[in-house]
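Content type mmCIF, C-alpha atoms and all ligand atoms, from the file input-v2.cif:
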```
data_my_file
#
loop_
_atom_site.label_atom_id
_atom_site.label_comp_id
_atom_site.auth_asym_id
_atom_site.auth_seq_id
_atom_site.Cartn_x
_atom_site.Cartn_y
_atom_site.Cartn_z
CA MET O 165 -110.06 -143.62 -6.46
CA GLN O 166 -110.28 -147.20 -5.18
CA SER O 167 -108.60 -147.57 -1.81
CA ASN O 168 -106.11 -150.25 -0.82
CA ARG O 169 -107.53 -152.82 1.54
CA ALA O 170 -106.26 -155.94 3.27
CA ILE O 171 -108.73 -158.45 4.60
CA LEU O 172 -108.13 -161.57 6.66
CA LEU O 173 -110.34 -164.14 4.93
CA THR O 174 -109.70 -166.93 7.43
CA PRO O 175 -110.94 -166.95 11.05
CA PRO O 176 -108.75 -165.39 13.74
CA GLY O 177 -106.51 -167.62 15.90
CA SER O 178 -103.97 -170.30 15.11
CA SER O 179 -104.46 -172.41 12.01
CA ALA O 180 -102.39 -174.17 9.37
CA ILE O 181 -103.00 -171.52 6.75
CA ALA O 182 -104.24 -167.94 6.91
CA VAL O 183 -105.27 -166.02 3.81
CA VAL O 184 -104.84 -162.27 3.56
CA ARG O 185 -106.49 -160.80 0.48
CA LEU O 186 -105.00 -157.54 -0.79
CA PHE O 187 -107.07 -155.22 -2.94
CA GLY O 188 -106.58 -151.91 -4.62
CA PRO O 189 -104.12 -150.18 -6.94
CA GLY O 190 -101.23 -150.45 -4.48
CA THR O 191 -101.29 -154.27 -4.29
CA LEU O 192 -98.62 -155.09 -6.88
CA GLU O 193 -96.34 -152.31 -5.66
CA PHE O 194 -96.68 -153.68 -2.10
CA LEU O 195 -95.76 -157.19 -3.25
CA ARG O 196 -92.85 -155.94 -5.37
CA ARG O 197 -91.44 -154.22 -2.32
CA TYR O 198 -91.91 -156.98 0.27
CA PHE O 199 -92.30 -160.27 -1.64
CA SER O 200 -89.25 -161.89 -3.20
CA LYS O 201 -90.92 -163.06 -6.45
CA GLU O 202 -93.09 -161.52 -9.16
CA PRO O 203 -96.74 -162.55 -8.58
CA LYS O 204 -98.50 -164.05 -11.62
CA PRO O 205 -102.26 -163.99 -12.25
CA GLY O 206 -103.91 -167.32 -11.45
CA ARG O 207 -100.55 -168.95 -10.56
CA CYS O 208 -99.20 -169.97 -7.16
CA VAL O 209 -95.88 -168.28 -6.53
CA HIS O 210 -93.88 -169.36 -3.49
CA GLY O 211 -91.44 -166.80 -2.10
CA ASP O 212 -90.33 -164.88 0.97
CA LEU O 213 -92.20 -162.00 2.53
CA ALA O 214 -89.72 -159.80 4.35
CA ASP O 215 -89.80 -156.45 6.13
CA GLY O 216 -86.50 -154.58 6.44
CA GLY O 217 -84.41 -157.73 5.96
CA GLN O 218 -86.46 -159.76 8.47
CA ILE O 219 -88.34 -162.64 6.86
CA ILE O 220 -91.91 -162.77 8.16
CA ASP O 221 -93.02 -165.89 6.28
CA ASP O 222 -92.66 -167.81 3.01
CA PRO O 223 -96.20 -167.49 1.63
CA VAL O 224 -97.76 -168.68 -1.59
CA VAL O 225 -99.07 -165.63 -3.45
CA VAL O 226 -101.75 -165.79 -6.13
CA ALA O 227 -102.40 -162.63 -8.15
CA LEU O 228 -106.11 -162.11 -8.87
CA PRO O 229 -107.38 -161.02 -12.29
CA ASP O 230 -108.64 -157.66 -11.00
CA GLY O 231 -105.29 -156.57 -9.61
CA GLY O 232 -105.65 -157.93 -6.07
CA ALA O 233 -103.73 -160.86 -4.60
CA ASP O 234 -104.22 -163.66 -2.08
CA VAL O 235 -101.32 -164.11 0.30
CA ASN O 236 -101.50 -167.63 1.74
CA LEU O 237 -99.56 -167.47 4.98
CA HIS O 238 -98.65 -169.99 7.63
CA GLY O 239 -101.46 -169.36 10.06
CA GLY O 240 -99.63 -168.47 13.27
CA PRO O 241 -101.19 -165.39 14.89
CA TRP O 242 -97.81 -163.59 14.95
CA VAL O 243 -97.29 -164.03 11.20
CA VAL O 244 -100.80 -162.82 10.42
CA ARG O 245 -100.49 -159.81 12.72
CA ARG O 246 -97.10 -158.81 11.23
CA VAL O 247 -98.44 -158.98 7.67
CA LEU O 248 -101.56 -156.98 8.53
CA GLU O 249 -99.44 -154.41 10.39
CA LEU O 250 -97.15 -154.13 7.38
CA ALA O 251 -100.14 -153.61 5.08
CA ARG O 252 -101.56 -151.00 7.47
CA ARG O 253 -98.21 -149.18 7.57
CA GLU O 254 -98.27 -149.09 3.77
CA GLY O 255 -101.65 -147.37 3.78
CA PHE O 256 -103.93 -150.39 3.40
CA GLU O 257 -107.20 -150.31 5.27
CA VAL O 258 -107.21 -153.55 7.29
CA CYS O 259 -110.35 -155.63 7.94
CA GLU O 260 -109.64 -158.54 10.24
CA GLN O 261 -113.05 -158.96 11.79
CA SER O 262 -113.95 -162.27 10.26
CA ARG O 263 -117.44 -161.93 11.76
CA ASN O 264 -118.15 -159.06 9.41
CA ALA O 265 -119.33 -159.65 5.91
CA ILE O 266 -116.53 -159.32 3.38
CA PRO O 267 -117.02 -156.15 1.32
CA GLU O 268 -118.68 -157.41 -1.85
CA GLU O 269 -115.99 -156.05 -4.16
CA PHE O 270 -113.50 -158.32 -2.27
CA ALA O 271 -115.59 -161.43 -2.62
CA ASP O 272 -115.15 -164.11 -5.25
CA GLY O 273 -117.86 -164.81 -7.80
CA ASP O 274 -118.85 -164.22 -11.42
CA THR O 275 -122.30 -162.84 -10.62
CA ILE O 276 -123.56 -160.37 -8.02
CA LEU O 277 -125.39 -163.21 -6.27
CA GLU O 278 -122.26 -165.36 -6.07
CA ARG O 279 -120.37 -162.41 -4.60
CA GLU O 280 -123.20 -161.79 -2.13
CA ILE O 281 -122.98 -165.43 -1.03
CA ALA O 282 -119.19 -165.34 -0.70
CA ALA O 283 -119.32 -161.99 1.11
CA HIS O 284 -121.70 -163.35 3.76
CA LEU O 285 -119.96 -166.69 4.35
CA PRO O 286 -118.11 -165.37 7.42
CA LEU O 287 -121.47 -164.56 9.03
CA ALA O 288 -122.70 -168.16 8.78
CA ARG O 289 -121.83 -169.46 12.25
CA THR O 290 -123.69 -172.74 12.05
CA GLU O 291 -123.85 -175.59 9.56
CA LEU O 292 -127.50 -174.77 8.90
CA GLY O 293 -126.63 -171.13 8.11
CA LEU O 294 -123.93 -172.28 5.72
CA ARG O 295 -126.17 -174.82 3.99
CA VAL O 296 -129.04 -172.35 3.52
CA LEU O 297 -126.69 -169.64 2.24
CA LEU O 298 -124.91 -171.93 -0.23
CA ALA O 299 -128.23 -173.33 -1.50
CA GLN O 300 -129.29 -169.84 -2.58
CA ALA O 301 -127.12 -169.94 -5.71
CA SER O 302 -129.35 -172.49 -7.42
CA ALA O 303 -132.56 -171.24 -5.76
CA TRP O 304 -132.01 -167.77 -7.28
CA GLU O 305 -130.82 -169.13 -10.59
CA ASN O 306 -134.09 -171.03 -10.89
CA LEU O 307 -136.10 -167.90 -10.13
CA LEU O 308 -134.19 -165.62 -12.48
CA SER O 309 -134.01 -168.08 -15.37
CA GLY O 310 -137.62 -169.15 -14.87
CA LYS O 311 -136.38 -172.78 -14.84
CA GLN O 312 -138.74 -173.92 -12.18
CA ALA O 313 -140.42 -177.24 -11.82
CA SER O 314 -143.55 -175.47 -10.58
CA PRO O 315 -145.01 -172.36 -12.25
CA ALA O 316 -143.24 -169.04 -11.70
CA PRO O 317 -144.01 -167.67 -8.24
CA ASP O 318 -147.09 -165.51 -8.08
CA ARG O 319 -147.65 -162.40 -5.99
CA ARG O 320 -148.51 -164.43 -2.89
CA ALA O 321 -145.44 -166.63 -3.21
CA ILE O 322 -143.16 -163.61 -3.59
CA ARG O 323 -144.82 -161.93 -0.61
CA GLN O 324 -144.06 -165.09 1.40
CA ILE O 325 -140.41 -164.97 0.32
CA LEU O 326 -140.23 -161.28 1.26
CA ASP O 327 -141.73 -162.01 4.67
CA ASP O 328 -139.29 -164.86 5.32
CA LEU O 329 -136.46 -163.37 7.35
CA SER O 330 -134.94 -166.73 8.30
CA LEU O 331 -131.67 -166.28 6.41
CA VAL O 332 -131.30 -162.74 7.75
CA HIS O 333 -131.62 -164.23 11.27
CA LEU O 334 -129.20 -167.04 10.47
CA LEU O 335 -126.59 -164.46 9.45
CA HIS O 336 -127.38 -161.84 12.09
CA PRO O 337 -128.12 -163.69 15.36
CA PRO O 338 -131.20 -162.31 17.10
CA THR O 339 -131.02 -161.56 20.82
CA VAL O 340 -133.08 -163.76 23.12
CA ALA O 341 -133.45 -162.74 26.78
CA ILE O 342 -134.23 -165.28 29.49
CA ILE O 343 -136.17 -163.53 32.20
CA GLY O 344 -138.23 -164.42 35.24
CA PRO O 345 -138.37 -164.30 39.03
CA PRO O 346 -135.28 -165.26 41.07
CA ASN O 347 -134.26 -168.89 41.52
CA VAL O 348 -136.68 -170.37 38.96
CA GLY O 349 -133.88 -172.04 36.96
CA LYS O 350 -133.12 -169.40 34.30
CA SER O 351 -129.36 -169.95 34.40
CA THR O 352 -129.73 -173.74 34.48
CA LEU O 353 -131.94 -173.48 31.40
CA ALA O 354 -129.52 -171.05 29.73
CA ASN O 355 -126.67 -173.49 30.33
CA GLN O 356 -128.68 -176.26 28.67
CA LEU O 357 -129.27 -173.99 25.68
CA PHE O 358 -125.61 -173.06 25.51
CA GLY O 359 -124.80 -176.75 25.74
CA GLN O 360 -122.22 -176.02 28.39
CA GLU O 361 -121.79 -174.40 31.80
CA ARG O 362 -121.72 -170.64 31.28
CA SER O 363 -123.83 -169.06 33.98
CA ILE O 364 -123.32 -169.61 37.67
CA THR O 365 -126.33 -171.35 39.17
CA ALA O 366 -127.12 -171.79 42.85
CA ASP O 367 -129.97 -172.51 45.16
CA LEU O 368 -129.96 -168.91 46.26
CA ALA O 369 -132.13 -166.13 44.89
CA GLY O 370 -130.10 -163.41 43.20
CA THR O 371 -127.27 -165.64 41.96
CA THR O 372 -127.05 -164.05 38.53
CA ARG O 373 -125.90 -160.49 39.12
CA ASP O 374 -125.23 -159.41 35.60
CA TRP O 375 -126.42 -160.59 32.25
CA VAL O 376 -124.39 -163.18 30.42
CA GLY O 377 -124.66 -162.78 26.68
CA GLU O 378 -123.13 -165.25 24.30
CA ILE O 379 -123.96 -167.02 21.08
CA ALA O 380 -125.89 -170.28 21.50
CA ASN O 381 -126.66 -172.66 18.66
CA ILE O 382 -130.42 -173.30 18.84
CA ASP O 383 -131.13 -176.13 16.39
CA GLY O 384 -128.88 -174.43 13.85
CA LEU O 385 -130.01 -170.85 14.54
CA PRO O 386 -127.33 -168.81 16.29
CA VAL O 387 -128.84 -166.53 18.94
CA MET O 388 -127.29 -164.06 21.34
CA LEU O 389 -128.65 -165.58 24.52
CA VAL O 390 -128.86 -163.26 27.50
CA ASP O 391 -129.35 -164.74 30.96
CA THR O 392 -130.73 -162.06 33.24
CA PRO O 393 -130.83 -161.75 37.02
CA GLY O 394 -134.15 -162.63 38.63
CA ILE O 395 -136.43 -159.62 38.66
CA ARG O 396 -137.44 -158.76 42.24
CA GLU O 397 -137.60 -155.89 44.69
CA THR O 398 -134.30 -155.79 46.55
CA ASP O 399 -132.27 -153.46 48.80
CA ASP O 400 -128.99 -154.79 47.41
CA ALA O 401 -127.58 -151.92 45.34
CA ILE O 402 -125.47 -154.16 43.07
CA GLU O 403 -128.41 -156.43 42.35
CA ARG O 404 -130.65 -153.44 41.67
CA THR O 405 -128.14 -152.08 39.15
CA ALA O 406 -127.91 -155.53 37.54
CA ILE O 407 -131.70 -155.73 37.29
CA ALA O 408 -131.87 -152.25 35.75
CA ARG O 409 -129.19 -153.18 33.22
CA SER O 410 -130.94 -156.40 32.35
CA ARG O 411 -134.12 -154.41 31.66
CA GLU O 412 -132.20 -152.54 28.96
CA GLN O 413 -131.09 -155.88 27.50
CA ILE O 414 -134.67 -157.12 27.56
CA GLU O 415 -135.83 -154.00 25.70
CA ARG O 416 -133.24 -154.65 23.00
CA SER O 417 -134.03 -158.35 22.62
CA GLN O 418 -136.10 -159.74 19.76
CA LEU O 419 -137.58 -162.52 21.87
CA VAL O 420 -138.26 -162.90 25.57
CA VAL O 421 -138.31 -166.35 27.20
CA MET O 422 -140.09 -166.04 30.54
CA VAL O 423 -139.27 -168.78 33.01
CA LEU O 424 -141.64 -169.58 35.88
CA ASP O 425 -141.32 -172.10 38.70
CA ALA O 426 -143.97 -174.85 38.77
CA SER O 427 -143.26 -175.49 42.43
CA ALA O 428 -143.58 -171.92 43.76
CA PRO O 429 -146.97 -170.23 44.06
CA LEU O 430 -147.65 -167.50 41.50
CA ASP O 431 -147.58 -164.13 43.21
CA SER O 432 -148.78 -160.78 41.92
CA GLU O 433 -145.25 -159.85 40.76
CA VAL O 434 -145.21 -162.87 38.43
CA SER O 435 -148.69 -162.09 37.12
CA ALA O 436 -147.57 -158.53 36.42
CA MET O 437 -144.53 -159.87 34.57
CA LEU O 438 -146.74 -162.12 32.43
CA ALA O 439 -148.94 -159.16 31.59
CA ALA O 440 -145.90 -156.99 30.78
CA TYR O 441 -144.53 -159.45 28.19
CA PRO O 442 -147.58 -160.83 26.40
CA ARG O 443 -145.51 -162.08 23.44
CA ALA O 444 -142.99 -163.97 25.55
CA VAL O 445 -142.41 -167.70 25.18
CA VAL O 446 -143.47 -168.95 28.62
CA VAL O 447 -141.58 -171.81 30.22
CA VAL O 448 -142.81 -173.60 33.34
CA ASN O 449 -139.65 -175.05 34.83
CA LYS O 450 -139.12 -177.47 37.74
CA SER O 451 -141.90 -179.64 36.34
CA ASP O 452 -140.36 -182.55 38.26
CA MET O 453 -141.59 -180.95 41.52
CA PRO O 454 -145.16 -180.99 42.85
CA SER O 455 -146.90 -178.08 41.18
CA ALA O 456 -148.04 -175.18 43.33
CA TRP O 457 -150.31 -173.61 40.72
CA ASP O 458 -152.32 -174.47 37.63
CA ALA O 459 -150.42 -173.61 34.46
CA SER O 460 -152.98 -175.16 32.09
CA SER O 461 -154.39 -171.80 31.01
CA LEU O 462 -150.94 -170.70 29.81
CA ASN O 463 -149.64 -171.88 26.47
CA ALA O 464 -146.40 -172.86 28.16
CA ILE O 465 -143.50 -175.22 27.56
CA HIS O 466 -142.84 -177.50 30.52
CA THR O 467 -139.22 -178.21 31.36
CA VAL O 468 -136.90 -179.73 33.91
CA ALA O 469 -133.79 -177.67 33.30
CA THR O 470 -131.60 -179.89 35.46
CA THR O 471 -132.23 -182.94 33.25
CA ASP O 472 -132.85 -181.26 29.85
CA GLU O 473 -136.43 -182.58 29.77
CA GLY O 474 -138.60 -180.35 27.57
CA VAL O 475 -135.60 -178.23 26.53
CA GLY O 476 -135.88 -179.63 22.99
CA ASP O 477 -139.40 -178.14 22.81
CA LEU O 478 -138.02 -174.79 23.92
CA ARG O 479 -135.30 -174.96 21.27
CA ARG O 480 -137.91 -175.64 18.59
CA ALA O 481 -140.07 -172.76 19.84
CA ILE O 482 -137.14 -170.32 19.70
CA ALA O 483 -135.98 -171.46 16.26
CA GLY O 484 -139.61 -171.48 15.05
CA HIS O 485 -140.16 -167.90 16.24
CA PHE O 486 -137.44 -166.82 13.78
CA GLY O 487 -138.70 -169.06 10.97
CA CYS O 488 -135.79 -171.47 11.39
CA ALA O 489 -137.47 -174.66 12.65
CA GLU O 490 -137.47 -177.58 10.24
CA MET O 491 -136.10 -175.49 7.41
CA ASP O 492 -135.83 -176.57 3.82
CA PRO O 493 -132.38 -175.13 2.98
CA GLY O 494 -133.09 -175.14 -0.77
CA ARG O 495 -136.01 -172.70 -0.58
CA LEU O 496 -135.37 -169.25 -2.03
CA ARG O 497 -134.57 -166.61 0.57
CA TRP O 498 -133.21 -163.07 0.57
CA TRP O 499 -130.56 -161.54 2.82
CA THR O 500 -129.51 -158.29 1.13
CA ASP O 501 -131.38 -155.09 0.27
CA ARG O 502 -130.56 -155.63 -3.40
CA GLN O 503 -132.26 -159.04 -3.40
CA ARG O 504 -135.24 -157.61 -1.58
CA ALA O 505 -135.56 -154.95 -4.27
CA VAL O 506 -135.30 -157.60 -7.02
CA LEU O 507 -138.14 -159.55 -5.42
CA GLU O 508 -140.24 -156.43 -4.90
CA LYS O 509 -139.87 -155.56 -8.59
CA ARG O 510 -141.17 -159.00 -9.45
CA MET O 511 -144.37 -158.39 -7.54
CA PRO O 512 -146.96 -157.99 -10.28
CA ILE O 513 -148.15 -154.44 -10.78
CA LEU O 514 -151.66 -155.34 -9.64
CA ASP O 515 -150.53 -155.72 -6.04
CA ASP O 516 -153.61 -155.35 -3.90
CA ARG O 517 -151.75 -154.93 -0.61
N1 LIG C 601 -135.87 -179.67 40.87
C1 LIG C 601 -135.43 -178.80 39.98
N2 LIG C 601 -134.47 -177.91 40.32
C2 LIG C 601 -134.05 -177.04 39.38
C3 LIG C 601 -134.55 -177.05 38.05
N3 LIG C 601 -133.95 -176.06 37.36
C4 LIG C 601 -133.10 -175.46 38.19
N4 LIG C 601 -133.15 -176.04 39.42
C5 LIG C 601 -132.40 -175.64 40.63
O1 LIG C 601 -132.88 -174.39 41.06
C6 LIG C 601 -131.84 -173.61 41.63
C7 LIG C 601 -131.77 -172.25 40.98
O2 LIG C 601 -131.35 -172.40 39.65
P1 LIG C 601 -130.71 -171.21 38.83
O3 LIG C 601 -130.55 -171.70 37.44
O4 LIG C 601 -129.53 -170.62 39.50
O5 LIG C 601 -131.90 -170.16 38.91
P2 LIG C 601 -131.95 -168.65 38.37
O6 LIG C 601 -133.34 -168.40 37.94
O7 LIG C 601 -130.87 -168.43 37.37
O8 LIG C 601 -131.65 -167.84 39.69
P3 LIG C 601 -131.19 -166.29 39.86
O9 LIG C 601 -130.07 -166.06 38.91
O10 LIG C 601 -130.80 -166.23 41.26
O11 LIG C 601 -132.40 -165.48 39.56
C8 LIG C 601 -130.57 -174.46 41.48
O12 LIG C 601 -130.34 -175.16 42.67
C9 LIG C 601 -130.93 -175.41 40.35
O13 LIG C 601 -130.21 -176.63 40.42
C10 LIG C 601 -135.56 -178.03 37.73
O14 LIG C 601 -136.08 -178.12 36.60
N5 LIG C 601 -135.94 -178.87 38.73
MG MG C 602 -129.34 -167.07 37.35
#
```

Now, as a test, write the supplied structure out as structure tokens.
Ligand SMILES: Nc1nc2c(ncn2[C@@H]2O[C@H](COP(=O)(O)OP(=O)(O)OP(=O)(O)O)[C@@H](O)[C@H]2O)c(=O)[nH]1
Ligand SMILES: [Mg+2]
Amino acid sequence: MQSNRAILLTPPGSSAIAVVRLFGPGTLEFLRRYFSKEPKPGRCVHGDLADGGQIIDDPVVVALPDGGADVNLHGGPWVVRRVLELARREGFEVCEQSRNAIPEEFADGDTILEREIAAHLPLARTELGLRVLLAQASAWENLLSGKQASPAPDRRAIRQILDDLSLVHLLHPPTVAIIGPPNVGKSTLANQLFGQERSITADLAGTTRDWVGEIANIDGLPVMLVDTPGIRETDDAIERTAIARSREQIERSQLVVMVLDASAPLDSEVSAMLAAYPRAVVVVNKSDMPSAWDASSLNAIHTVATTDEGVGDLRRAIAGHFGCAEMDPGRLRWWTDRQRAVLEKRMPILDDR
């Protein structure tokens, strides 16, 4: 049997309006018990929502055609919490993590694709993510109806679409670790990427003791940016633990940005680090200082983290690594297993891969 579920469609925190969507066979019974009016499909009904004689709010309730209902509350956190608690008490499963995709059966839309788009809207943290996701409705319609200006995509074109994970990355932020020797400017660079002061920086090796992970908007691509402590041999037990923990973070990251100091001679530890992360994006920071070594053999990005110089290049390199630099939002992309399967089926039978 279908279960009863309550989902907070709007983001958490204070707002003018918060929408709680109720689903499942118990929805109308719940509203009959706690809402003062009879909900009507497709109509806005204004009434009181009360629990045991105490009015929680005077929401506008809209009954949905499939038996669910949207409860449009005043968006104070207390009101929202009370309504979700009430629903939970009445046996509803409550989803209030607005950073999760909405279960597809809860999402609005006439077609599966429209529901997939609506279901993933909460995961679009940036304007670019939102634009690319919303553009998929017409991109897919063109593919499925064959209404394309250019000829229908051939095997190579579909392979390219399958290999393009950009929308998956836009909806599920990849982890990017900033690593390097102590005092090279990793935290200063991280702060530039965050666009605000997040990590403590100081002219003292070993300033960052523990990784700082938070979402940064890199030219429209959200990434979980992890600033790590400088990797070095040390007797300080806390720093050693921090370095060990950051190694775990580095292992889990999808991209490593290795920061080096233009003004400090390269030692064998740094060379070993370069060899250990051959796929890292290499940044030569402190380019404003006289250089102590020749970086020309490295395919590196040169930055001055204190002034933001070169940081735009680094942003482009990070976004580009995940296929999100200079994106055309209208291009067809996939972001669910179902869509992947649809595309794979379209690969002509004579697939020579
Ligand atoms: N001249 C110059 N100084 C910089 C630059 N980037 C950072 N610094 C300075 O270098 C010092 C160290 O910077 P941090 O960002 O704390 O370095 P870190 O790599 O995070 O250091 P740990 O966390 O200790 O490993 C600070 O005094 C910064 O202001 C740069 O591009 N040029
Ligand atoms: Mg630091």

Enter the distance from atom CA of O:Gly476 to atom CA of O:Ala428, in Å, rounded to one decimal.
-> 23.5 Å

Compile the contact shell of O:Gln324 as a list of chain:residue names: residues with an atom at most 12 Å away, counting only C-alpha atoms, same-chain residues fewer than 5 positions apart removed.
-> O:Pro317, O:Asp318, O:Arg319, O:Leu329, O:Ser330, O:Gly487, O:Arg495, O:Leu496, O:Arg497, O:Trp498, O:Arg504, O:Leu507, O:Glu508, O:Met511

Pairwise distance for atom CA of O:Val468 and atom CA of O:Lys450, rounded to one decimal in Å | 5.0 Å

Got a sec: who's within 10 Å of O:His238, counting only C-alpha atoms, leaving out chain neighbours fewer than 6 positions off, as a compact mmCIF listing (two decimals) with C-alpha atoms, in the coordinates of the input?
```txt
# COMPACT_ATOMS: atom_id res chain seq x y z
CA SER O 178 -103.97 -170.30 15.11
CA SER O 179 -104.46 -172.41 12.01
CA ALA O 180 -102.39 -174.17 9.37
CA ILE O 181 -103.00 -171.52 6.75
CA ALA O 182 -104.24 -167.94 6.91
CA VAL O 183 -105.27 -166.02 3.81
CA ILE O 220 -91.91 -162.77 8.16
CA ASP O 221 -93.02 -165.89 6.28
CA ASP O 222 -92.66 -167.81 3.01
CA PRO O 223 -96.20 -167.49 1.63
CA VAL O 224 -97.76 -168.68 -1.59
CA VAL O 244 -100.80 -162.82 10.42
```

Between atom CA of O:His210 and atom CA of O:Asn236, measure the distance and give it in Å to one decimal.
->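 Between atom CA of O:His210 and atom CA of O:Asn236 the gap works out to 9.4 Å.
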
Which of these residues is nearest to O:Asp215, using all atoms listed in the file: O:Val247, O:Ile382, O:Ala321, O:Leu292?
->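 The answer is O:Val247, which sits nearest to O:Asp215.
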
Extract, using all atoms listed in the file, all DNA, RNA and protein residues at most 9 Å from O:Tyr198, discarding same-chain residues fewer than 6 positions from it, and format them as an MDAnalysis selection string.
-> chainID O and resid 212:216

Among listed residues O:Ala481, O:Val434, O:Cys208, O:Val235, nearest O:Phe194 (using all atoms listed in the file) | O:Val235
